[in-house]
>>> print(open('structure-v8.cif').read())   # mmCIF, C-alpha atoms
data_work
#
loop_
_atom_site.label_atom_id
_atom_site.label_comp_id
_atom_site.auth_asym_id
_atom_site.auth_seq_id
_atom_site.Cartn_x
_atom_site.Cartn_y
_atom_site.Cartn_z
CA MET A 296 34.86 11.17 -4.70
CA ASP A 297 32.12 8.53 -4.76
CA ARG A 298 28.59 9.13 -3.47
CA ARG A 299 29.19 7.43 -0.12
CA THR A 300 32.27 9.52 0.61
CA PHE A 301 30.47 12.64 -0.60
CA LEU A 302 27.62 12.08 1.82
CA GLY A 303 29.95 11.25 4.68
CA THR A 304 32.09 14.39 4.34
CA GLY A 305 29.48 17.10 4.40
CA GLY A 306 28.32 16.75 0.83
CA ALA A 307 24.87 15.86 2.17
CA ALA A 308 24.32 19.41 3.33
CA MET A 309 25.47 20.75 -0.02
CA ALA A 310 23.19 18.37 -1.92
CA ALA A 311 20.26 19.21 0.30
CA SER A 312 20.75 22.93 -0.29
CA LEU A 313 20.31 22.30 -4.00
CA LEU A 314 16.99 20.53 -3.59
CA PRO A 315 13.98 22.63 -4.71
CA GLY A 316 12.22 23.95 -1.62
CA ALA A 317 14.72 22.56 0.88
CA SER A 318 15.49 26.04 2.18
CA LEU A 319 11.85 26.42 3.16
CA ALA A 320 12.16 24.03 6.10
CA ALA A 321 13.12 26.61 8.71
CA GLY A 322 10.77 29.41 7.73
CA ALA A 323 7.73 27.45 6.58
CA ALA A 324 5.92 27.47 9.92
CA GLY A 325 5.37 31.23 9.86
CA ARG A 326 4.09 31.43 6.31
CA LYS A 327 0.50 31.46 5.17
CA ASP A 328 1.21 28.48 2.91
CA ALA A 329 3.04 26.56 5.64
CA LEU A 330 4.12 23.08 4.71
CA PHE A 331 2.80 19.83 6.23
CA GLN A 332 -0.61 21.41 6.92
CA ARG A 333 -2.70 19.94 4.10
CA ILE A 334 -5.41 17.45 5.04
CA ASP A 335 -5.60 14.91 2.23
CA LEU A 336 -8.72 12.72 2.38
CA VAL A 337 -7.91 11.01 -0.93
CA SER A 338 -4.43 9.52 -0.48
CA ASP A 339 -3.20 6.47 1.43
CA GLY A 340 -0.47 8.47 3.12
CA LEU A 341 0.64 12.06 3.53
CA ALA A 342 0.90 12.75 -0.22
CA LEU A 343 4.05 14.83 0.31
CA ASP A 344 4.45 17.51 -2.32
CA PRO A 345 7.91 18.13 -3.87
CA ARG A 346 8.87 20.78 -1.29
CA GLU A 347 7.80 18.59 1.63
CA TYR A 348 9.57 15.55 0.23
CA ALA A 349 12.75 17.57 -0.28
CA ILE A 350 12.67 18.54 3.40
CA ARG A 351 12.19 14.93 4.52
CA LEU A 352 15.00 13.87 2.21
CA GLN A 353 17.31 16.50 3.68
CA GLU A 354 16.46 15.32 7.21
CA ALA A 355 17.18 11.70 6.32
CA VAL A 356 20.53 12.56 4.77
CA ALA A 357 21.51 14.78 7.71
CA GLY A 358 20.74 11.89 10.06
CA GLY A 359 23.27 9.65 8.35
CA LEU A 360 22.55 7.72 5.17
CA ASP A 361 24.74 5.65 2.84
CA ALA A 362 24.00 5.52 -0.86
CA ASP A 363 23.24 2.19 -2.50
CA ASN A 364 24.88 0.83 -5.64
CA TYR A 365 22.34 -0.36 -8.21
CA SER A 366 19.77 -0.94 -5.44
CA ARG A 367 22.16 -2.95 -3.29
CA GLY A 368 23.85 -2.04 -0.02
CA GLY A 369 23.68 1.25 1.87
CA ALA A 370 20.29 2.65 2.79
CA ILE A 371 18.52 0.03 0.68
CA GLU A 372 20.11 -2.87 2.56
CA ARG A 373 19.19 -1.26 5.87
CA LEU A 374 15.59 -0.79 4.76
CA GLU A 375 15.40 -4.40 3.58
CA GLY A 376 16.51 -5.56 7.03
CA THR A 377 13.96 -3.34 8.77
CA PHE A 378 11.07 -4.65 6.72
CA ALA A 379 12.18 -8.26 7.01
CA ARG A 380 11.92 -7.85 10.79
CA LEU A 381 8.58 -6.02 10.65
CA LEU A 382 7.11 -8.67 8.37
CA GLY A 383 8.52 -11.65 10.25
CA LYS A 384 10.44 -12.96 7.25
CA PRO A 385 14.13 -13.94 7.13
CA ALA A 386 14.99 -11.74 4.14
CA ALA A 387 13.67 -8.94 1.93
CA MET A 388 14.56 -7.16 -1.31
CA PHE A 389 13.81 -3.66 -2.55
CA VAL A 390 11.92 -3.49 -5.85
CA ALA A 391 11.21 -0.34 -7.83
CA THR A 392 7.44 -0.91 -8.10
CA GLY A 393 4.75 -3.12 -6.61
CA THR A 394 3.83 -4.36 -10.08
CA LEU A 395 7.35 -5.73 -10.51
CA ALA A 396 7.41 -7.14 -6.96
CA ASN A 397 4.24 -9.15 -7.55
CA HIS A 398 5.49 -10.35 -10.93
CA ILE A 399 8.91 -11.47 -9.69
CA ALA A 400 7.33 -13.25 -6.74
CA VAL A 401 4.75 -15.32 -8.61
CA ARG A 402 7.15 -16.03 -11.46
CA ARG A 403 9.79 -17.55 -9.17
CA LEU A 404 7.29 -19.32 -6.91
CA ALA A 405 5.54 -20.94 -9.88
CA GLY A 406 8.57 -22.77 -11.22
CA GLU A 407 7.33 -25.33 -13.74
CA ASP A 408 3.70 -25.12 -12.53
CA ARG A 409 2.60 -22.07 -14.50
CA ARG A 410 -1.05 -21.78 -13.44
CA VAL A 411 -1.68 -19.11 -10.78
CA LEU A 412 -4.97 -18.61 -8.93
CA VAL A 413 -5.78 -14.95 -8.16
CA GLN A 414 -8.72 -12.83 -7.05
CA ALA A 415 -10.65 -11.41 -9.98
CA GLU A 416 -10.50 -8.00 -8.27
CA SER A 417 -6.77 -8.11 -7.58
CA HIS A 418 -4.14 -5.66 -8.79
CA LEU A 419 -2.12 -8.53 -10.24
CA TYR A 420 -4.99 -9.55 -12.52
CA ASN A 421 -6.39 -6.13 -13.43
CA ASP A 422 -3.61 -3.57 -13.38
CA SER A 423 -0.46 -5.20 -14.72
CA GLY A 424 -1.23 -5.29 -18.44
CA ASP A 425 -1.18 -9.10 -18.52
CA GLY A 426 2.48 -8.84 -17.56
CA ALA A 427 2.38 -12.21 -15.79
CA SER A 428 1.45 -13.94 -19.03
CA ASN A 429 3.32 -11.73 -21.49
CA LEU A 430 6.57 -11.52 -19.51
CA GLY A 431 6.42 -14.49 -17.16
CA GLY A 432 4.61 -17.14 -19.20
CA LEU A 433 2.06 -17.58 -16.40
CA ASN A 434 -1.62 -18.38 -16.69
CA LEU A 435 -3.66 -16.33 -14.22
CA VAL A 436 -7.03 -17.80 -13.28
CA PRO A 437 -9.34 -15.14 -11.76
CA LEU A 438 -11.72 -16.29 -9.01
CA GLY A 439 -14.38 -14.64 -6.84
CA GLU A 440 -15.53 -11.83 -9.10
CA GLY A 441 -16.86 -8.90 -7.10
CA GLN A 442 -15.54 -10.29 -3.80
CA ALA A 443 -12.65 -9.34 -1.56
CA THR A 444 -12.26 -12.88 -0.18
CA LEU A 445 -10.99 -15.83 -2.19
CA ARG A 446 -12.94 -18.93 -1.09
CA LEU A 447 -11.41 -22.33 -0.42
CA ASP A 448 -14.20 -24.08 -2.35
CA ASP A 449 -13.29 -22.16 -5.51
CA VAL A 450 -9.59 -22.86 -4.97
CA GLN A 451 -10.15 -26.59 -4.51
CA GLN A 452 -12.33 -26.79 -7.61
CA TRP A 453 -9.64 -25.23 -9.80
CA VAL A 454 -6.79 -27.22 -8.27
CA GLU A 455 -8.65 -30.47 -8.99
CA ARG A 456 -9.73 -29.31 -12.43
CA SER A 457 -6.14 -28.37 -13.32
CA ARG A 458 -4.80 -31.66 -12.01
CA GLY A 459 -7.37 -33.73 -13.94
CA GLY A 460 -6.91 -32.27 -17.40
CA ARG A 461 -5.77 -34.34 -20.36
CA VAL A 462 -2.50 -32.38 -20.23
CA ARG A 463 -0.99 -31.82 -16.80
CA ASN A 464 -1.28 -28.13 -15.89
CA ALA A 465 -0.96 -27.97 -12.13
CA VAL A 466 -1.56 -24.88 -10.03
CA GLY A 467 1.80 -23.58 -8.81
CA VAL A 468 0.84 -20.46 -6.89
CA ILE A 469 -2.12 -18.88 -5.13
CA SER A 470 -1.83 -15.09 -4.87
CA ILE A 471 -4.06 -13.21 -2.43
CA GLU A 472 -4.38 -9.43 -2.11
CA THR A 473 -5.57 -7.89 1.15
CA PRO A 474 -6.80 -5.22 1.61
CA VAL A 475 -8.32 -5.16 -1.90
CA ARG A 476 -8.19 -1.72 -3.47
CA ARG A 477 -10.88 -2.49 -6.05
CA ARG A 478 -13.25 -3.42 -3.23
CA ASP A 479 -12.76 -0.08 -1.44
CA HIS A 480 -9.84 -1.43 0.60
CA ALA A 481 -11.93 -4.24 2.09
CA MET A 482 -9.90 -6.96 3.80
CA ALA A 483 -10.11 -10.63 2.89
CA ASP A 484 -11.49 -12.89 5.62
CA PHE A 485 -8.57 -14.09 7.76
CA ALA A 486 -10.13 -17.46 8.60
CA GLU A 487 -10.60 -18.20 4.90
CA ILE A 488 -6.99 -17.25 4.18
CA GLU A 489 -5.90 -19.68 6.91
CA ARG A 490 -7.94 -22.49 5.35
CA ILE A 491 -6.53 -21.80 1.90
CA SER A 492 -2.98 -21.68 3.30
CA ARG A 493 -3.35 -25.07 5.04
CA TYR A 494 -4.81 -26.64 1.90
CA ALA A 495 -2.10 -25.16 -0.33
CA ARG A 496 0.67 -26.47 1.93
CA GLU A 497 -0.86 -29.95 1.78
CA GLN A 498 -0.95 -29.76 -2.02
CA GLY A 499 2.57 -28.35 -2.43
CA ILE A 500 1.23 -25.07 -3.82
CA ARG A 501 3.14 -21.88 -3.04
CA LEU A 502 1.48 -18.72 -1.70
CA HIS A 503 2.07 -15.02 -2.35
CA LEU A 504 0.56 -12.12 -0.42
CA ASP A 505 -0.04 -8.83 -2.23
CA GLY A 506 0.03 -6.73 0.94
CA ALA A 507 0.51 -3.30 -0.62
CA ARG A 508 -1.55 -1.82 2.25
CA LEU A 509 -0.94 -4.66 4.71
CA PHE A 510 0.04 -2.44 7.65
CA THR A 511 -3.55 -1.19 8.06
CA LEU A 512 -4.89 -4.68 8.80
CA PRO A 513 -3.84 -5.20 12.45
CA HIS A 514 -5.96 -2.23 13.56
CA HIS A 515 -9.09 -3.71 11.97
CA SER A 516 -8.61 -7.47 12.22
CA GLY A 517 -6.79 -7.77 15.55
CA ARG A 518 -4.20 -9.94 13.78
CA SER A 519 -0.52 -9.04 13.75
CA LEU A 520 1.53 -8.56 10.60
CA ALA A 521 3.40 -11.78 11.39
CA GLU A 522 0.14 -13.74 11.67
CA TYR A 523 -0.68 -12.74 8.10
CA THR A 524 2.75 -13.23 6.59
CA ALA A 525 3.27 -16.63 8.24
CA LEU A 526 0.54 -17.99 5.96
CA PHE A 527 2.50 -17.09 2.81
CA ASP A 528 5.84 -17.88 1.21
CA THR A 529 6.31 -14.30 0.02
CA VAL A 530 4.79 -10.89 0.72
CA TYR A 531 4.97 -7.54 -1.06
CA VAL A 532 4.44 -4.20 0.70
CA SER A 533 4.31 -0.77 -0.95
CA LEU A 534 6.78 1.83 0.28
CA TRP A 535 5.01 4.90 -1.07
CA LYS A 536 1.35 4.33 -0.24
CA HIS A 537 1.52 4.52 3.56
CA PHE A 538 5.21 5.19 4.19
CA ASN A 539 5.60 8.26 1.95
CA GLY A 540 8.48 7.15 -0.23
CA ALA A 541 8.70 8.59 -3.72
CA SER A 542 8.34 5.07 -5.11
CA GLY A 543 9.33 1.50 -4.35
CA ALA A 544 8.26 -1.77 -2.78
CA ILE A 545 9.59 -4.52 -0.55
CA LEU A 546 9.38 -8.21 -1.41
CA ALA A 547 10.04 -10.49 1.57
CA GLY A 548 10.38 -14.24 1.97
CA SER A 549 12.80 -16.95 2.96
CA ALA A 550 16.55 -16.44 2.68
CA GLY A 551 16.64 -19.07 -0.06
CA PHE A 552 13.94 -17.26 -2.04
CA VAL A 553 15.55 -13.83 -1.82
CA ASP A 554 19.13 -15.02 -2.35
CA GLY A 555 20.21 -14.04 -5.86
CA LEU A 556 16.79 -12.59 -6.71
CA TYR A 557 18.40 -9.26 -7.56
CA HIS A 558 19.48 -10.85 -10.86
CA GLU A 559 15.84 -11.17 -11.89
CA ARG A 560 15.16 -7.63 -10.66
CA ARG A 561 17.93 -6.42 -12.96
CA MET A 562 16.71 -8.58 -15.84
CA PHE A 563 13.36 -6.81 -15.74
CA GLY A 564 15.01 -3.38 -15.63
CA GLY A 565 14.46 -2.79 -11.92
CA ALA A 566 18.05 -2.32 -10.67
CA LEU A 567 18.00 1.45 -10.21
CA PRO A 568 21.53 2.91 -10.11
CA GLY A 569 20.70 4.96 -7.02
CA ALA A 570 17.45 4.08 -5.25
CA TRP A 571 18.11 5.77 -1.90
CA PRO A 572 16.37 9.10 -2.71
CA LEU A 573 13.14 7.19 -3.38
CA VAL A 574 12.96 5.66 0.08
CA ALA A 575 15.06 7.82 2.41
CA PRO A 576 12.07 8.89 4.59
CA VAL A 577 10.37 5.49 4.61
CA GLU A 578 11.87 3.79 7.66
CA ALA A 579 10.84 6.51 10.11
CA TYR A 580 7.26 6.47 8.85
CA ALA A 581 7.07 2.66 8.78
CA LEU A 582 8.21 2.25 12.37
CA ARG A 583 5.48 4.53 13.69
CA PHE A 584 2.76 3.83 11.12
CA GLN A 585 0.48 1.60 13.15
CA ALA A 586 0.39 4.03 16.09
CA ASP A 587 -0.24 6.97 13.75
CA TYR A 588 -2.92 5.05 11.87
CA ALA A 589 -4.79 4.13 15.05
CA GLN A 590 -4.69 7.76 16.14
CA ALA A 591 -5.90 8.85 12.69
CA TRP A 592 -8.93 6.57 13.03
CA ARG A 593 -9.72 8.06 16.44
CA ALA A 594 -9.68 11.47 14.78
CA ALA A 595 -11.84 10.14 11.93
CA ASP A 596 -14.43 8.75 14.34
CA ALA A 597 -14.51 12.07 16.18
CA LEU A 598 -14.99 13.88 12.85
CA ILE A 599 -17.83 11.53 11.95
CA GLY A 600 -19.50 12.25 15.28
CA HIS A 601 -19.32 16.02 14.78
CA LEU A 602 -20.57 15.84 11.18
CA GLN A 603 -23.49 13.52 11.93
CA ALA A 604 -24.54 15.77 14.80
CA ASP A 605 -25.05 18.50 12.18
CA GLY A 606 -27.82 16.40 10.62
CA ARG A 607 -26.83 16.86 6.98
CA PHE A 608 -24.01 14.29 7.00
CA LYS A 609 -24.23 10.52 7.23
CA ALA A 610 -21.20 8.23 7.39
CA ARG A 611 -21.07 4.62 6.22
CA LYS A 612 -18.35 2.07 7.00
CA LEU A 613 -17.81 -1.29 5.30
CA ALA A 614 -18.21 -4.31 7.56
CA ASP A 615 -14.83 -5.60 6.37
CA GLY A 616 -13.39 -2.16 5.67
CA THR A 617 -10.00 -0.73 6.53
CA SER A 618 -8.79 2.73 5.57
CA ARG A 619 -11.92 4.15 3.93
CA PHE A 620 -15.40 5.28 4.89
CA PHE A 621 -18.13 7.01 2.90
CA LEU A 622 -19.86 10.31 3.56
CA ALA A 623 -23.30 11.23 2.23
CA VAL A 624 -24.33 14.90 2.34
CA ALA A 625 -27.99 15.94 2.27
CA ASP A 626 -27.47 19.46 0.98
CA ALA A 627 -27.75 21.10 -2.42
CA SER A 628 -24.20 22.44 -2.07
CA ALA A 629 -22.63 19.00 -1.70
CA GLN A 630 -21.25 19.00 -5.26
CA ALA A 631 -19.28 22.15 -4.48
CA LEU A 632 -17.60 20.71 -1.38
CA PRO A 633 -14.32 19.54 -3.00
CA GLU A 634 -13.61 22.91 -4.59
CA ARG A 635 -14.59 24.92 -1.51
CA LEU A 636 -12.59 22.73 0.86
CA ARG A 637 -9.52 22.89 -1.36
CA ALA A 638 -9.38 26.62 -0.62
CA HIS A 639 -8.74 25.58 3.01
CA ASP A 640 -6.06 23.01 2.03
CA ILE A 641 -8.47 20.09 2.53
CA ILE A 642 -8.44 17.60 -0.35
CA LEU A 643 -11.69 15.71 -0.95
CA SER A 644 -12.61 13.38 -3.80
CA ARG A 645 -15.49 14.04 -6.16
CA PRO A 646 -18.74 12.36 -5.13
CA HIS A 647 -19.53 8.97 -6.65
CA PRO A 648 -21.61 9.57 -9.81
CA GLU A 649 -24.25 7.00 -8.78
CA THR A 650 -24.43 7.12 -4.97
CA GLY A 651 -23.37 10.74 -4.45
CA GLU A 652 -21.17 9.61 -1.55
CA PHE A 653 -17.68 10.95 -0.90
CA ALA A 654 -15.00 8.31 -0.32
CA ILE A 655 -12.92 9.45 2.68
CA GLN A 656 -9.44 8.00 3.05
CA VAL A 657 -8.18 7.79 6.64
CA ASN A 658 -4.52 8.72 7.02
CA PRO A 659 -2.32 10.70 9.45
CA THR A 660 -3.06 14.05 7.76
CA LEU A 661 -6.24 13.95 9.87
CA LEU A 662 -4.02 14.63 12.87
CA ARG A 663 -3.13 18.08 11.56
CA MET A 664 -6.39 19.67 12.71
CA ASP A 665 -8.76 19.23 15.63
CA PRO A 666 -11.74 17.12 14.46
CA ALA A 667 -14.23 19.72 15.69
CA GLU A 668 -12.50 22.43 13.65
CA LEU A 669 -12.33 20.18 10.60
CA ALA A 670 -16.06 19.53 10.92
CA ARG A 671 -16.65 23.30 11.06
CA ARG A 672 -14.70 23.65 7.81
CA PHE A 673 -17.01 21.07 6.22
CA THR A 674 -20.20 22.74 7.39
CA GLY A 675 -18.83 26.16 6.49
CA ALA A 676 -18.03 24.93 2.97
CA LEU A 677 -21.68 23.94 2.52
CA ALA A 678 -22.68 27.50 3.31
CA GLY A 679 -20.19 28.78 0.74
#
>>> encode(input="structure-v8.cif", output="C-alpha cells")
Amino acid sequence: MDRRTFLGTGGAAMAASLLPGASLAAGAAGRKDALFQRIDLVSDGLALDPREYAIRLQEAVAGGLDADNYSRGGAIERLEGTFARLLGKPAAMFVATGTLANHIAVRRLAGEDRRVLVQAESHLYNDSGDGASNLGGLNLVPLGEGQATLRLDDVQQWVERSRGGRVRNAVGVISIETPVRRRDHAMADFAEIERISRYAREQGIRLHLDGARLFTLPHHSGRSLAEYTALFDTVYVSLWKHFNGASGAILAGSAGFVDGLYHERRMFGGALPGAWPLVAPVEAYALRFQADYAQAWRAADALIGHLQADGRFKARKLADGTSRFFLAVADASAQALPERLRAHDIILSRPHPETGEFAIQVNPTLLRMDPAELARRFTGALAG
C-alpha cells in the first residue's frame, strides 16, 4: 500500500496516533501545562513545540491530505497553487529552505549576466555562506550598508560601471529583501522599489524579491501583496516563519520560470522524498495570517498602553518598522524579566547589551491573553 492509499483508507488516524504528543489534543485544555498557551515574544510565528505541531499535523491529515512524491504533487502541489494565487503569480514551487529558494531564483534569472546587486544587509549576502558565488558562479555586489532601502542612484552607478568595464560584466539581477531582518525587520521604501523596478525593466535586468516575511507588509505599508510582487520577476516566501510549518519555502514567478525548475531543486539536493509533513498546517495559517497579524498588533498597542501607564516602561517603534518594537524598562529588576516571565510561559528575549532594550516580536501568540493581564504579568515579574 503506497502512502496516498494509506492516508485515504484510515491510515492517517493510525499514523497520527503514533506521533509523540498527539494523544494530548483532547485532554490538554484541562491540564496545568495546557498546549497553545505560551506567549512567545521572540518568534515570527507561533513557535509550535513538537507536541503542538503533532496535533496540527494530525488535524491536517484528518481533514484530507495527499502525500507528495519527491516534493511534487499531493499536498505540495495544492500549497503551490494557493501561494501562487496569494502572491499574484502564475506559478509557484516548494523549496526546502529559503536559502535554496533565493539561490535557485537568482541563479536562473542571471543567465549569462552573472553580476547580482543586493542589499549589504540582506540574507542572501550575509547568511548563505557565499553560496551564490561558490555554487552558482554569481558575483554579488553589496549596496547600501546599514540601510534597509536599496537606492536607485546606487543601482544606476553600478549598472553603468559594470557595463563600461574593459571586459563586459553586465548586471543580470537585482535582489531586494523586504522586510530586512538585519535592520530589525524594517521595510524597504516602496516608492524606491518602484523606481528601481522601472529602471531595471528598461535595462533588461531581472528582479528577485526576498519576501521571507512579506505578508507583514500590507498592514504597515498599505500596499497589497500583489502590488509588491508585480514589481519582481520572482518572489520567495518562508513557510515556517509566519505560517508555522516545520520548514520550507515557496518560490513564485511566471509559468515559464517555474516550468522544469524542479530539476534544479533536485540538483541541489532539495527534492525531499516526502515534504508534506513539513507544511501540512501551513495553508490554514497563511489564509488567515493578515487578519491575525492585524489583531495581534491591536493587542500589542493595548499592551504598550498599559505598560507605559505604569511609568517604568517605554516603548519605541521604528518609523519603517513592521513586526518588532522595543521596550525599555526603568527598573533594577529588568535583567531578571526574561527568567521570571518564562515561569508564566511568556518568552522574552534578553535585553540588548548596549541599549538595554528588549526586542518584542509581534505575532498571534499575543492573542492568547488579555493585554491588561499580560501587562500585569510584566509588572508582577519586576516585583519578583
>>> atom_distance(input="structure-v8.cif", atom1="CA of Ala581 in chain A", atom2="CA of Ala486 in chain A")
26.5 Å
>>> resolve_selection(input="structure-v8.cif", expression="the PyMOL selection byres ((chain A and resi 334) around 10)", output="PyMOL selection string")
chain A and resi 331-333+335-338+341-342+636-637+639-643+658-664+669
>>> resolve_selection(input="structure-v8.cif", expression="the PyMOL selection byres ((chain A and resi 553) around 12)", output="JSON, numbers by chain")
{"A": [375, 379, 384, 385, 386, 387, 388, 389, 390, 396, 399, 400, 403, 404, 528, 529, 530, 545, 546, 547, 548, 549, 550, 551, 552, 554, 555, 556, 557, 558, 559, 560]}
>>> closest_residue(input="structure-v8.cif", among="A:Gly616, A:Glu578, A:Gly393, A:Ala541", to="Gly506 in chain A", atoms="all atoms listed in the file")
A:Gly393
>>> resolve_selection(input="structure-v8.cif", expression="the PyMOL selection byres ((chain A and resi 474) around 12)", output="MDAnalysis selection string")
chainID A and resid 414 416:418 442:444 471:473 475:485 504:513 515:516 523 532 615:619
>>> closest_residue(input="structure-v8.cif", among="A:Thr392, A:Gln656, A:Ser542, A:Thr674", to="Arg607 in chain A", atoms="all atoms listed in the file")
A:Thr674
>>> atom_distance(input="structure-v8.cif", atom1="CA of Leu677 in chain A", atom2="CA of Ala595 in chain A")
19.4 Å
>>> atom_distance(input="structure-v8.cif", atom1="CA of Gly432 in chain A", atom2="CA of Leu412 in chain A")
14.1 Å
>>> closest_residue(input="structure-v8.cif", among="A:Leu374, A:Ile488, A:Leu622, A:Ala329", to="Leu360 in chain A", atoms="all atoms listed in the file")
A:Leu374
>>> residues_around(input="structure-v8.cif", residues="Pro572 in chain A", least_positions_apart="4", cutoff="9 Å", atoms="all atoms listed in the file", output="PDB file with C-alpha atoms, keeping the file's coordinate frame")
ATOM      1  CA  LEU A 352      15.000  13.870   2.210  1.00  0.00           C
ATOM      2  CA  ALA A 362      24.000   5.520  -0.860  1.00  0.00           C
ATOM      3  CA  GLY A 540       8.480   7.150  -0.230  1.00  0.00           C
ATOM      4  CA  ALA A 541       8.700   8.590  -3.720  1.00  0.00           C
ATOM      5  CA  PRO A 576      12.070   8.890   4.590  1.00  0.00           C
TER       6      PRO A 576
END
>>> closest_residue(input="structure-v8.cif", among="A:Arg409, A:His537, A:His503, A:Arg611", to="Arg583 in chain A", atoms="only C-alpha atoms")
A:His537
>>> axis_aligned_box(input="structure-v8.cif", around="range 356-374 of chain A", padding_each_side="6 Å", output="JSON")
{"center_x": 20.2, "center_y": 5.9, "center_z": 0.9, "size_x": 21.3, "size_y": 29.7, "size_z": 30.3}
>>> closest_residue(input="structure-v8.cif", among="A:Leu613, A:Leu520, A:Pro437, A:Ala575", to="Gln353 in chain A", atoms="all atoms listed in the file")
A:Ala575
>>> closest_residue(input="structure-v8.cif", among="A:Leu382, A:Leu447, A:Ala579, A:Val462", to="Phe538 in chain A", atoms="only C-alpha atoms")
A:Ala579
>>> residues_around(input="structure-v8.cif", residues="Lys609 in chain A", least_positions_apart="5", cutoff="7 Å", atoms="all atoms listed in the file", output="PyMOL selection string")
chain A and resi 603+622-624
>>> build_atoms(input="structure-v8.cif", residues="range 388-399 of chain A", atoms="N, CA and C atoms", output="PDB file, in the coordinates of the input")
ATOM      1  N   MET A 388      13.865  -7.840  -0.211  1.00  0.00           N
ATOM      2  CA  MET A 388      14.560  -7.160  -1.310  1.00  0.00           C
ATOM      3  C   MET A 388      13.747  -5.958  -1.751  1.00  0.00           C
ATOM      4  N   PHE A 389      14.437  -4.845  -1.986  1.00  0.00           N
ATOM      5  CA  PHE A 389      13.810  -3.660  -2.550  1.00  0.00           C
ATOM      6  C   PHE A 389      13.489  -3.892  -4.024  1.00  0.00           C
ATOM      7  N   VAL A 390      12.320  -3.434  -4.452  1.00  0.00           N
ATOM      8  CA  VAL A 390      11.920  -3.490  -5.850  1.00  0.00           C
ATOM      9  C   VAL A 390      11.351  -2.124  -6.218  1.00  0.00           C
ATOM     10  N   ALA A 391      11.575  -1.707  -7.445  1.00  0.00           N
ATOM     11  CA  ALA A 391      11.210  -0.340  -7.830  1.00  0.00           C
ATOM     12  C   ALA A 391       9.710  -0.078  -7.777  1.00  0.00           C
ATOM     13  N   THR A 392       8.890  -1.076  -8.109  1.00  0.00           N
ATOM     14  CA  THR A 392       7.440  -0.910  -8.100  1.00  0.00           C
ATOM     15  C   THR A 392       6.758  -2.152  -7.547  1.00  0.00           C
ATOM     16  N   GLY A 393       5.529  -1.981  -7.078  1.00  0.00           N
ATOM     17  CA  GLY A 393       4.750  -3.120  -6.610  1.00  0.00           C
ATOM     18  C   GLY A 393       4.385  -4.061  -7.743  1.00  0.00           C
ATOM     19  N   THR A 394       4.137  -3.516  -8.920  1.00  0.00           N
ATOM     20  CA  THR A 394       3.830  -4.360 -10.080  1.00  0.00           C
ATOM     21  C   THR A 394       4.965  -5.338 -10.343  1.00  0.00           C
ATOM     22  N   LEU A 395       6.194  -4.853 -10.282  1.00  0.00           N
ATOM     23  CA  LEU A 395       7.350  -5.730 -10.510  1.00  0.00           C
ATOM     24  C   LEU A 395       7.531  -6.702  -9.345  1.00  0.00           C
ATOM     25  N   ALA A 396       7.273  -6.253  -8.119  1.00  0.00           N
ATOM     26  CA  ALA A 396       7.410  -7.140  -6.960  1.00  0.00           C
ATOM     27  C   ALA A 396       6.463  -8.326  -7.065  1.00  0.00           C
ATOM     28  N   ASN A 397       5.201  -8.066  -7.388  1.00  0.00           N
ATOM     29  CA  ASN A 397       4.240  -9.150  -7.550  1.00  0.00           C
ATOM     30  C   ASN A 397       4.672 -10.100  -8.667  1.00  0.00           C
ATOM     31  N   HIS A 398       5.114  -9.530  -9.776  1.00  0.00           N
ATOM     32  CA  HIS A 398       5.490 -10.350 -10.930  1.00  0.00           C
ATOM     33  C   HIS A 398       6.681 -11.252 -10.612  1.00  0.00           C
ATOM     34  N   ILE A 399       7.721 -10.670 -10.027  1.00  0.00           N
ATOM     35  CA  ILE A 399       8.910 -11.470  -9.690  1.00  0.00           C
ATOM     36  C   ILE A 399       8.551 -12.577  -8.715  1.00  0.00           C
TER      37      ILE A 399
END
